[in-house]
>>> print(open('upload.pdb').read())   # PDB, N, CA and C atoms
ATOM      1  N   MET Z   1     -78.613 -61.348 128.879
ATOM      2  CA  MET Z   1     -78.010 -62.587 128.435
ATOM      3  C   MET Z   1     -79.126 -63.569 128.067
ATOM      4  N   SER Z   2     -78.952 -64.257 126.937
ATOM      5  CA  SER Z   2     -79.969 -65.206 126.510
ATOM      6  C   SER Z   2     -79.788 -66.538 127.216
ATOM      7  N   ARG Z   3     -80.881 -67.261 127.319
ATOM      8  CA  ARG Z   3     -80.850 -68.571 127.962
ATOM      9  C   ARG Z   3     -80.206 -69.591 127.020
ATOM     10  N   GLN Z   4     -79.333 -70.399 127.528
ATOM     11  CA  GLN Z   4     -78.674 -71.412 126.716
ATOM     12  C   GLN Z   4     -79.642 -72.547 126.420
ATOM     13  N   THR Z   5     -79.708 -72.938 125.167
ATOM     14  CA  THR Z   5     -80.576 -74.034 124.744
ATOM     15  C   THR Z   5     -79.704 -75.232 124.414
ATOM     16  N   ARG Z   6     -80.108 -76.389 124.834
ATOM     17  CA  ARG Z   6     -79.365 -77.605 124.524
ATOM     18  C   ARG Z   6     -80.077 -78.323 123.376
ATOM     19  N   PHE Z   7     -79.282 -78.714 122.411
ATOM     20  CA  PHE Z   7     -79.803 -79.444 121.274
ATOM     21  C   PHE Z   7     -79.228 -80.855 121.309
ATOM     22  N   PRO Z   8     -80.035 -81.867 121.019
ATOM     23  CA  PRO Z   8     -79.572 -83.249 121.131
ATOM     24  C   PRO Z   8     -78.623 -83.670 120.001
ATOM     25  N   TYR Z   9     -78.458 -82.842 118.993
ATOM     26  CA  TYR Z   9     -77.632 -83.222 117.853
ATOM     27  C   TYR Z   9     -76.917 -81.986 117.332
ATOM     28  N   CYS Z  10     -75.697 -82.152 116.912
ATOM     29  CA  CYS Z  10     -74.986 -81.035 116.287
ATOM     30  C   CYS Z  10     -74.282 -81.553 115.040
ATOM     31  N   MET Z  11     -73.983 -80.644 114.135
ATOM     32  CA  MET Z  11     -73.294 -81.017 112.907
ATOM     33  C   MET Z  11     -72.402 -79.871 112.462
ATOM     34  N   THR Z  12     -71.462 -80.189 111.635
ATOM     35  CA  THR Z  12     -70.598 -79.185 111.039
ATOM     36  C   THR Z  12     -71.114 -78.911 109.639
ATOM     37  N   LEU Z  13     -71.268 -77.657 109.322
ATOM     38  CA  LEU Z  13     -71.747 -77.255 108.004
ATOM     39  C   LEU Z  13     -70.636 -76.493 107.313
ATOM     40  N   ARG Z  14     -70.187 -76.990 106.198
ATOM     41  CA  ARG Z  14     -69.116 -76.338 105.453
ATOM     42  C   ARG Z  14     -69.704 -75.591 104.279
ATOM     43  N   LEU Z  15     -69.502 -74.291 104.260
ATOM     44  CA  LEU Z  15     -70.042 -73.434 103.213
ATOM     45  C   LEU Z  15     -68.919 -72.748 102.456
ATOM     46  N   THR Z  16     -69.159 -72.477 101.191
ATOM     47  CA  THR Z  16     -68.226 -71.651 100.442
ATOM     48  C   THR Z  16     -68.364 -70.218 100.945
ATOM     49  N   ALA Z  17     -67.393 -69.378 100.651
ATOM     50  CA  ALA Z  17     -67.436 -67.988 101.120
ATOM     51  C   ALA Z  17     -68.693 -67.250 100.655
ATOM     52  N   PRO Z  18     -69.105 -67.392  99.377
ATOM     53  CA  PRO Z  18     -70.343 -66.708  98.963
ATOM     54  C   PRO Z  18     -71.588 -67.221  99.697
ATOM     55  N   MET Z  19     -71.638 -68.539  99.940
ATOM     56  CA  MET Z  19     -72.788 -69.095 100.668
ATOM     57  C   MET Z  19     -72.806 -68.588 102.099
ATOM     58  N   GLU Z  20     -71.649 -68.534 102.737
ATOM     59  CA  GLU Z  20     -71.566 -68.059 104.124
ATOM     60  C   GLU Z  20     -72.006 -66.609 104.209
ATOM     61  N   SER Z  21     -71.593 -65.824 103.239
ATOM     62  CA  SER Z  21     -71.984 -64.416 103.208
ATOM     63  C   SER Z  21     -73.493 -64.276 103.026
ATOM     64  N   GLU Z  22     -74.077 -65.094 102.159
ATOM     65  CA  GLU Z  22     -75.526 -65.037 101.927
ATOM     66  C   GLU Z  22     -76.305 -65.475 103.168
ATOM     67  N   VAL Z  23     -75.823 -66.512 103.850
ATOM     68  CA  VAL Z  23     -76.466 -66.949 105.094
ATOM     69  C   VAL Z  23     -76.410 -65.821 106.122
ATOM     70  N   GLU Z  24     -75.270 -65.189 106.225
ATOM     71  CA  GLU Z  24     -75.127 -64.078 107.175
ATOM     72  C   GLU Z  24     -76.083 -62.943 106.837
ATOM     73  N   ASN Z  25     -76.195 -62.587 105.560
ATOM     74  CA  ASN Z  25     -77.111 -61.523 105.144
ATOM     75  C   ASN Z  25     -78.569 -61.892 105.409
ATOM     76  N   LEU Z  26     -78.947 -63.127 105.074
ATOM     77  CA  LEU Z  26     -80.330 -63.563 105.301
ATOM     78  C   LEU Z  26     -80.655 -63.619 106.791
ATOM     79  N   ALA Z  27     -79.716 -64.089 107.584
ATOM     80  CA  ALA Z  27     -79.927 -64.134 109.031
ATOM     81  C   ALA Z  27     -80.124 -62.721 109.577
ATOM     82  N   PHE Z  28     -79.282 -61.795 109.145
ATOM     83  CA  PHE Z  28     -79.398 -60.408 109.597
ATOM     84  C   PHE Z  28     -80.747 -59.822 109.195
ATOM     85  N   ASP Z  29     -81.168 -60.038 107.941
ATOM     86  CA  ASP Z  29     -82.439 -59.513 107.450
ATOM     87  C   ASP Z  29     -83.626 -60.071 108.233
ATOM     88  N   ASN Z  30     -83.492 -61.302 108.730
ATOM     89  CA  ASN Z  30     -84.580 -61.943 109.475
ATOM     90  C   ASN Z  30     -84.409 -61.826 110.985
ATOM     91  N   HIS Z  31     -83.446 -61.022 111.420
ATOM     92  CA  HIS Z  31     -83.187 -60.788 112.850
ATOM     93  C   HIS Z  31     -82.923 -62.092 113.594
ATOM     94  N   LEU Z  32     -82.093 -62.947 112.985
ATOM     95  CA  LEU Z  32     -81.729 -64.234 113.582
ATOM     96  C   LEU Z  32     -80.216 -64.364 113.628
ATOM     97  N   SER Z  33     -79.750 -65.251 114.470
ATOM     98  CA  SER Z  33     -78.336 -65.623 114.405
ATOM     99  C   SER Z  33     -78.163 -66.520 113.186
ATOM    100  N   LYS Z  34     -76.921 -66.718 112.763
ATOM    101  CA  LYS Z  34     -76.687 -67.619 111.630
ATOM    102  C   LYS Z  34     -77.182 -69.022 111.961
ATOM    103  N   ALA Z  35     -76.906 -69.475 113.182
ATOM    104  CA  ALA Z  35     -77.358 -70.814 113.587
ATOM    105  C   ALA Z  35     -78.882 -70.892 113.591
ATOM    106  N   GLY Z  36     -79.532 -69.852 114.087
ATOM    107  CA  GLY Z  36     -80.997 -69.832 114.107
ATOM    108  C   GLY Z  36     -81.580 -69.851 112.708
ATOM    109  N   PHE Z  37     -80.960 -69.095 111.802
ATOM    110  CA  PHE Z  37     -81.431 -69.089 110.421
ATOM    111  C   PHE Z  37     -81.265 -70.464 109.780
ATOM    112  N   ILE Z  38     -80.110 -71.101 110.009
ATOM    113  CA  ILE Z  38     -79.860 -72.421 109.426
ATOM    114  C   ILE Z  38     -80.841 -73.448 109.991
ATOM    115  N   ARG Z  39     -81.121 -73.386 111.304
ATOM    116  CA  ARG Z  39     -82.111 -74.312 111.882
ATOM    117  C   ARG Z  39     -83.476 -74.107 111.244
ATOM    118  N   ARG Z  40     -83.870 -72.849 111.049
ATOM    119  CA  ARG Z  40     -85.178 -72.550 110.445
ATOM    120  C   ARG Z  40     -85.216 -73.046 108.997
ATOM    121  N   ALA Z  41     -84.138 -72.812 108.246
ATOM    122  CA  ALA Z  41     -84.088 -73.248 106.851
ATOM    123  C   ALA Z  41     -84.150 -74.775 106.751
ATOM    124  N   LEU Z  42     -83.418 -75.464 107.625
ATOM    125  CA  LEU Z  42     -83.465 -76.932 107.622
ATOM    126  C   LEU Z  42     -84.852 -77.448 107.992
ATOM    127  N   ARG Z  43     -85.471 -76.814 108.974
ATOM    128  CA  ARG Z  43     -86.817 -77.219 109.393
ATOM    129  C   ARG Z  43     -87.796 -77.093 108.228
ATOM    130  N   ARG Z  44     -87.710 -75.977 107.485
ATOM    131  CA  ARG Z  44     -88.600 -75.772 106.330
ATOM    132  C   ARG Z  44     -88.305 -76.778 105.223
ATOM    133  N   ALA Z  45     -87.025 -77.040 104.971
ATOM    134  CA  ALA Z  45     -86.661 -77.995 103.925
ATOM    135  C   ALA Z  45     -87.163 -79.393 104.262
ATOM    136  N   ILE Z  46     -87.052 -79.780 105.521
ATOM    137  CA  ILE Z  46     -87.536 -81.097 105.947
ATOM    138  C   ILE Z  46     -89.051 -81.181 105.806
ATOM    139  N   ALA Z  47     -89.750 -80.125 106.212
ATOM    140  CA  ALA Z  47     -91.208 -80.104 106.086
ATOM    141  C   ALA Z  47     -91.628 -80.175 104.624
ATOM    142  N   ASP Z  48     -90.946 -79.417 103.755
ATOM    143  CA  ASP Z  48     -91.258 -79.459 102.325
ATOM    144  C   ASP Z  48     -90.996 -80.836 101.738
ATOM    145  N   ALA Z  49     -89.887 -81.463 102.133
ATOM    146  CA  ALA Z  49     -89.569 -82.800 101.629
ATOM    147  C   ALA Z  49     -90.612 -83.815 102.080
ATOM    148  N   CYS Z  50     -91.038 -83.709 103.328
ATOM    149  CA  CYS Z  50     -92.062 -84.629 103.837
ATOM    150  C   CYS Z  50     -93.377 -84.420 103.096
ATOM    151  N   GLU Z  51     -93.734 -83.158 102.877
ATOM    152  CA  GLU Z  51     -94.973 -82.855 102.154
ATOM    153  C   GLU Z  51     -94.887 -83.359 100.722
ATOM    154  N   HIS Z  52     -93.757 -83.162 100.093
ATOM    155  CA  HIS Z  52     -93.560 -83.630  98.723
ATOM    156  C   HIS Z  52     -93.636 -85.159  98.676
ATOM    157  N   GLY Z  53     -93.045 -85.814  99.648
ATOM    158  CA  GLY Z  53     -93.107 -87.273  99.720
ATOM    159  C   GLY Z  53     -94.520 -87.771  99.909
ATOM    160  N   THR Z  54     -95.303 -87.057 100.712
ATOM    161  CA  THR Z  54     -96.700 -87.423 100.940
ATOM    162  C   THR Z  54     -97.508 -87.277  99.661
ATOM    163  N   ARG Z  55     -97.254 -86.204  98.910
ATOM    164  CA  ARG Z  55     -97.966 -86.001  97.646
ATOM    165  C   ARG Z  55     -97.627 -87.104  96.657
ATOM    166  N   ASN Z  56     -96.328 -87.485  96.572
ATOM    167  CA  ASN Z  56     -95.937 -88.547  95.652
ATOM    168  C   ASN Z  56     -96.553 -89.870  96.058
ATOM    169  N   THR Z  57     -96.609 -90.169  97.339
ATOM    170  CA  THR Z  57     -97.220 -91.401  97.833
ATOM    171  C   THR Z  57     -98.711 -91.413  97.492
ATOM    172  N   HIS Z  58     -99.367 -90.262  97.632
ATOM    173  CA  HIS Z  58    -100.789 -90.154  97.328
ATOM    174  C   HIS Z  58    -101.018 -90.439  95.839
ATOM    175  N   LEU Z  59    -100.165 -89.885  94.966
ATOM    176  CA  LEU Z  59    -100.302 -90.140  93.538
ATOM    177  C   LEU Z  59    -100.099 -91.610  93.224
ATOM    178  N   GLN Z  60     -99.128 -92.250  93.860
ATOM    179  CA  GLN Z  60     -98.838 -93.653  93.597
ATOM    180  C   GLN Z  60    -100.004 -94.538  94.012
ATOM    181  N   THR Z  61    -100.653 -94.216  95.130
ATOM    182  CA  THR Z  61    -101.758 -95.056  95.598
ATOM    183  C   THR Z  61    -102.974 -94.912  94.694
ATOM    184  N   GLN Z  62    -103.060 -93.788  93.965
ATOM    185  CA  GLN Z  62    -104.193 -93.606  93.049
ATOM    186  C   GLN Z  62    -103.838 -94.012  91.623
ATOM    187  N   GLY Z  63    -102.672 -94.581  91.442
ATOM    188  CA  GLY Z  63    -102.282 -95.055  90.124
ATOM    189  C   GLY Z  63    -101.682 -93.984  89.239
ATOM    190  N   GLY Z  64    -101.352 -92.834  89.804
ATOM    191  CA  GLY Z  64    -100.749 -91.762  89.009
ATOM    192  C   GLY Z  64     -99.277 -92.016  88.779
ATOM    193  N   ALA Z  65     -98.793 -91.507  87.676
ATOM    194  CA  ALA Z  65     -97.373 -91.645  87.376
ATOM    195  C   ALA Z  65     -96.617 -90.482  87.954
ATOM    196  N   LEU Z  66     -95.364 -90.739  88.329
ATOM    197  CA  LEU Z  66     -94.510 -89.663  88.842
ATOM    198  C   LEU Z  66     -93.672 -89.087  87.742
TER     199      LEU Z  66
END
>>> encode(input="upload.pdb", output="structure tokens")
Amino acid sequence: MSRQTRFPYCMTLRLTAPMESEVENLAFDNHLSKAGFIRRALRRAIADACEHGTRNTHLQTQGGAL
């Protein structure tokens, strides 16, 4: 039995049937639960967005156009 993990925040994610099927397939391929896969995907998306925001801020401070 796995140890229960408590998360400070939860949300409902509504997916279309094809999206749900793709999430299930990707989770299976990566040996994760669907919830684990979604947490990993969100974590990567947030990191990418932060990195992208940092790059845009860097360009703005050097006078570059976006």
>>> residues_near_point(input="upload.pdb", point="(-78.2, -66.3, 103.9)", cutoff="12 Å", atoms="only C-alpha atoms", output="ChimeraX atom specification")
/Z:15-41
>>> axis_aligned_box(input="upload.pdb", around="region 29-39 of chain Z", padding_each_side="3 Å", output="AutoDock Vina command-line options")
--center_x -80.6 --center_y -66.9 --center_z 111.0 --size_x 13.9 --size_y 20.8 --size_z 13.0
>>> atom_distance(input="upload.pdb", atom1="atom N of Arg3 (chain Z)", atom2="atom N of Arg43 (chain Z)")
21.2 Å
